[in-house]
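Everything below concerns the one structure shown next.
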Amino acid sequence: MTAPTAPAVPSADDTFDGLTQLADAAANASAALYNYRRANPDAADADQALNLELTLDKRAIELRTQAVKLLGAQAAEALAQLKDAAGKVDDFLAEVKKIEGQLTVASAVIGLAAAALVGDTGGIFAAVGGVYSAIKAAKS
């Protein structure tokens, strides 16, 4: 009889890389909102863009400075999905320039960053779904 194997837990380096990738995506989203505000200072949604921009900046700093350990049996899968979502955010920002879409995706990134900072794999799965949904909605 073989002993059951423990679920795969991402290494500290893998987790750091994933969180750094998410921090970069948050910073890129913040930069896109900053560029929008600079180009459209009198826009009706400039205050919303500023609030999201500042929150994204804060989350990017937190993701880069806090040691986070992902917990749970599906931690490795959560990390893989987090990395995938961060990459999709960067791709989205490179191709979609409409501010409505950027605001929606920026809000979803904030949710994903919050889940990642807590280290809750279930929250990460839910937030990744929110990022994918926001990107899909923004593209249509």
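Each chain in the structure tokens gets a letter, A, B and so on, in the order shown; residues start at 1 in every chain, and ligands are counted from 1 in the order they appear.
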
Any idea what's packed within 12 Å of A:Ala113, counting only C-alpha atoms, ignoring anything in its chain fewer than 3 positions away? Could you give it as a compact mmCIF listing (two decimals) with N, CA and C atoms, in the first residue's frame?
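Written file, selection14.txt:
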# COMPACT_ATOMS: atom_id res chain seq x y z
N GLY A 18 4.75 34.45 -10.17
CA GLY A 18 3.36 34.68 -10.52
C GLY A 18 2.82 35.99 -9.98
N LEU A 19 3.17 36.28 -8.73
CA LEU A 19 2.70 37.53 -8.13
C LEU A 19 3.38 38.73 -8.77
N THR A 20 4.63 38.58 -9.18
CA THR A 20 5.32 39.66 -9.88
C THR A 20 4.66 39.92 -11.22
N GLN A 21 4.28 38.84 -11.91
CA GLN A 21 3.59 39.00 -13.20
C GLN A 21 2.26 39.72 -13.01
N LEU A 22 1.53 39.37 -11.95
CA LEU A 22 0.26 40.06 -11.67
C LEU A 22 0.52 41.52 -11.29
N ALA A 23 1.57 41.77 -10.51
CA ALA A 23 1.92 43.16 -10.15
C ALA A 23 2.22 43.97 -11.40
N ASP A 24 2.93 43.37 -12.34
CA ASP A 24 3.23 44.06 -13.59
C ASP A 24 1.96 44.37 -14.38
N ALA A 25 1.03 43.42 -14.40
CA ALA A 25 -0.24 43.65 -15.10
C ALA A 25 -1.02 44.78 -14.43
N ALA A 26 -1.01 44.81 -13.10
CA ALA A 26 -1.69 45.89 -12.38
C ALA A 26 -1.04 47.24 -12.70
N ALA A 27 0.28 47.26 -12.74
CA ALA A 27 1.00 48.50 -13.06
C ALA A 27 0.71 48.94 -14.49
N THR A 55 -5.58 52.61 -6.73
CA THR A 55 -5.75 51.29 -6.12
C THR A 55 -4.84 50.26 -6.80
N LEU A 56 -4.75 50.32 -8.12
CA LEU A 56 -3.87 49.40 -8.84
C LEU A 56 -2.40 49.62 -8.43
N ASP A 57 -2.01 50.88 -8.28
CA ASP A 57 -0.63 51.17 -7.84
C ASP A 57 -0.36 50.56 -6.47
N LYS A 58 -1.32 50.72 -5.57
CA LYS A 58 -1.17 50.17 -4.22
C LYS A 58 -1.07 48.64 -4.26
N ARG A 59 -1.93 48.01 -5.04
CA ARG A 59 -1.91 46.54 -5.14
C ARG A 59 -0.60 46.06 -5.77
N ALA A 60 -0.10 46.77 -6.77
CA ALA A 60 1.16 46.38 -7.40
C ALA A 60 2.30 46.41 -6.37
N ILE A 61 2.33 47.44 -5.56
CA ILE A 61 3.35 47.54 -4.51
C ILE A 61 3.20 46.41 -3.51
N GLU A 62 1.97 46.16 -3.08
CA GLU A 62 1.73 45.09 -2.11
C GLU A 62 2.14 43.73 -2.67
N LEU A 63 1.82 43.49 -3.94
CA LEU A 63 2.17 42.21 -4.55
C LEU A 63 3.68 42.02 -4.64
N ARG A 64 4.39 43.12 -4.80
CA ARG A 64 5.85 43.03 -4.93
C ARG A 64 6.57 42.96 -3.59
N GLN A 66 5.04 41.85 -0.34
CA GLN A 66 4.55 40.94 0.69
C GLN A 66 4.84 39.49 0.31
N VAL A 68 3.69 35.98 0.13
CA VAL A 68 2.38 35.33 0.07
C VAL A 68 2.61 33.85 -0.15
N LEU A 82 -3.59 32.31 -12.34
CA LEU A 82 -3.25 33.70 -12.02
C LEU A 82 -2.27 34.24 -13.06
N LYS A 83 -1.24 33.46 -13.38
CA LYS A 83 -0.26 33.88 -14.39
C LYS A 83 -0.93 34.05 -15.75
N ALA A 85 -4.08 34.74 -16.38
CA ALA A 85 -4.94 35.93 -16.35
C ALA A 85 -4.10 37.20 -16.47
N ALA A 86 -2.97 37.25 -15.78
CA ALA A 86 -2.10 38.43 -15.86
C ALA A 86 -1.63 38.64 -17.30
N ALA A 106 -9.60 46.80 -15.18
CA ALA A 106 -8.83 47.28 -14.03
C ALA A 106 -9.50 46.88 -12.72
N SER A 107 -10.82 47.00 -12.67
CA SER A 107 -11.56 46.59 -11.47
C SER A 107 -11.39 45.10 -11.20
N ALA A 108 -11.42 44.30 -12.25
CA ALA A 108 -11.26 42.85 -12.09
C ALA A 108 -9.85 42.51 -11.62
N VAL A 109 -8.85 43.24 -12.11
CA VAL A 109 -7.47 43.01 -11.68
C VAL A 109 -7.31 43.32 -10.20
N ILE A 110 -7.99 44.35 -9.72
CA ILE A 110 -7.94 44.68 -8.30
C ILE A 110 -8.49 43.51 -7.47
N ALA A 116 -5.11 37.19 -4.39
CA ALA A 116 -3.75 36.68 -4.37
C ALA A 116 -3.02 37.09 -3.09
N LEU A 117 -3.27 38.29 -2.63
CA LEU A 117 -2.60 38.77 -1.41
C LEU A 117 -3.03 37.99 -0.18
N VAL A 118 -4.25 37.48 -0.20
CA VAL A 118 -4.74 36.67 0.92
C VAL A 118 -4.22 35.24 0.80
N GLY A 119 -3.91 34.81 -0.43
CA GLY A 119 -3.42 33.46 -0.65
C GLY A 119 -4.51 32.42 -0.73
N ASP A 120 -5.74 32.86 -0.95
CA ASP A 120 -6.89 31.96 -1.00
C ASP A 120 -7.09 31.44 -2.41
N THR A 121 -6.84 30.15 -2.62
CA THR A 121 -6.95 29.60 -3.97
C THR A 121 -8.37 29.68 -4.52
N GLY A 123 -10.59 31.95 -3.87
CA GLY A 123 -10.77 33.35 -4.26
C GLY A 123 -10.04 33.68 -5.54
N ILE A 124 -8.87 33.08 -5.73
CA ILE A 124 -8.12 33.31 -6.96
C ILE A 124 -8.88 32.75 -8.15
N PHE A 125 -9.41 31.52 -8.00
CA PHE A 125 -10.18 30.94 -9.11
C PHE A 125 -11.37 31.84 -9.47
N ALA A 126 -12.08 32.32 -8.48
CA ALA A 126 -13.23 33.19 -8.73
C ALA A 126 -12.80 34.50 -9.39
N ALA A 127 -11.72 35.08 -8.89
CA ALA A 127 -11.25 36.36 -9.43
C ALA A 127 -10.70 36.21 -10.84
N VAL A 128 -10.05 35.09 -11.13
CA VAL A 128 -9.58 34.82 -12.50
C VAL A 128 -10.78 34.78 -13.43
N GLY A 130 -13.50 36.36 -13.02
CA GLY A 130 -13.92 37.75 -13.17
C GLY A 130 -13.07 38.51 -14.17
N VAL A 131 -11.77 38.24 -14.18
CA VAL A 131 -10.88 38.89 -15.15
C VAL A 131 -11.24 38.44 -16.57

Do you know which residues are at most 12 Å from A:Glu100 counting only C-alpha atoms, after dropping those on the same chain fewer than 6 positions away, and could you put them as an MDAnalysis selection string?
-> chainID A and resid 32:33 36 43:46 48:49 93 106:107 134:135 137:140

Selected residues, N, CA and C atoms, written as a short mmCIF file (atom, residue, chain, number, x, y, z; two decimals), in the first residue's frame, please.
data_model
loop_
_atom_site.label_atom_id
_atom_site.label_comp_id
_atom_site.auth_asym_id
_atom_site.auth_seq_id
_atom_site.Cartn_x
_atom_site.Cartn_y
_atom_site.Cartn_z
N ALA A 32 -2.18 52.66 -18.19
CA ALA A 32 -3.17 52.92 -19.24
C ALA A 32 -4.20 53.94 -18.75
N LEU A 33 -4.63 53.79 -17.50
CA LEU A 33 -5.59 54.75 -16.94
C LEU A 33 -4.97 56.13 -16.77
N TYR A 36 -4.88 57.77 -20.11
CA TYR A 36 -6.22 58.23 -20.46
C TYR A 36 -6.55 59.54 -19.75
N ALA A 43 -12.69 64.49 -18.82
CA ALA A 43 -13.62 63.38 -19.06
C ALA A 43 -14.48 63.14 -17.83
N ALA A 44 -15.71 62.71 -18.07
CA ALA A 44 -16.65 62.45 -16.97
C ALA A 44 -16.17 61.31 -16.07
N ASP A 45 -15.42 60.38 -16.62
CA ASP A 45 -14.96 59.23 -15.83
C ASP A 45 -13.50 59.38 -15.36
N ALA A 46 -12.97 60.58 -15.41
CA ALA A 46 -11.57 60.80 -14.99
C ALA A 46 -11.38 60.49 -13.50
N GLN A 48 -13.09 58.31 -11.69
CA GLN A 48 -13.13 56.86 -11.55
C GLN A 48 -11.80 56.26 -11.99
N ALA A 49 -11.27 56.76 -13.09
CA ALA A 49 -9.98 56.28 -13.58
C ALA A 49 -8.88 56.55 -12.56
N LEU A 93 -4.70 45.02 -22.76
CA LEU A 93 -4.33 46.43 -22.70
C LEU A 93 -3.57 46.87 -23.95
N ALA A 106 -9.60 46.80 -15.18
CA ALA A 106 -8.83 47.28 -14.03
C ALA A 106 -9.50 46.88 -12.72
N SER A 107 -10.82 47.00 -12.67
CA SER A 107 -11.56 46.59 -11.47
C SER A 107 -11.39 45.10 -11.20
N ALA A 134 -14.48 40.04 -17.62
CA ALA A 134 -14.31 41.47 -17.89
C ALA A 134 -13.66 41.70 -19.25
N ILE A 135 -12.65 40.90 -19.57
CA ILE A 135 -11.99 41.02 -20.86
C ILE A 135 -12.96 40.69 -21.99
N ALA A 137 -16.24 40.84 -21.97
CA ALA A 137 -17.25 41.89 -22.09
C ALA A 137 -16.68 43.15 -22.73
N ALA A 138 -15.45 43.47 -22.40
CA ALA A 138 -14.84 44.68 -22.94
C ALA A 138 -14.54 44.57 -24.43
N LYS A 139 -14.33 43.36 -24.89
CA LYS A 139 -14.03 43.16 -26.32
C LYS A 139 -15.28 43.12 -27.18
N SER A 140 -16.45 42.91 -26.55
CA SER A 140 -17.67 42.79 -27.37
C SER A 140 -18.38 44.10 -27.53
#

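What separates atom CA of A:Glu53 from atom CA of A:Ser133 is a distance of 20.3 Å.
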
The distance between atom CA of A:Val89 and atom CA of A:Thr65 is 21.2 Å

Select, from A:Leu50, A:Ala29, A:Ala76, A:Ala39, the residue with the minimum atom-to-atom distance to A:Phe92, counting only C-alpha atoms.
-> A:Ala29

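The closest residue to A:Gly101, picked from A:Asn51, A:Lys136, A:Glu77, A:Asn35 and counting only C-alpha atoms, is A:Lys136.
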
Those of chain A in DSSP helix (DSSP H, G or I), formatted as a PyMOL selection string = chain A and resi 12-39+46-65+75-95+99-118+121-139

Among the residues A:Ala80, A:Tyr132, A:Gly111, A:Asp47, the one that comes closest to A:Asp14 [using only C-alpha atoms] =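 When distances to A:Asp14 are compared using only C-alpha atoms, the smallest one comes from A:Ala80.
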
Atom CA of A:Thr104 to atom CA of A:Gly122, straight-line distance in Å = 21.6 Å
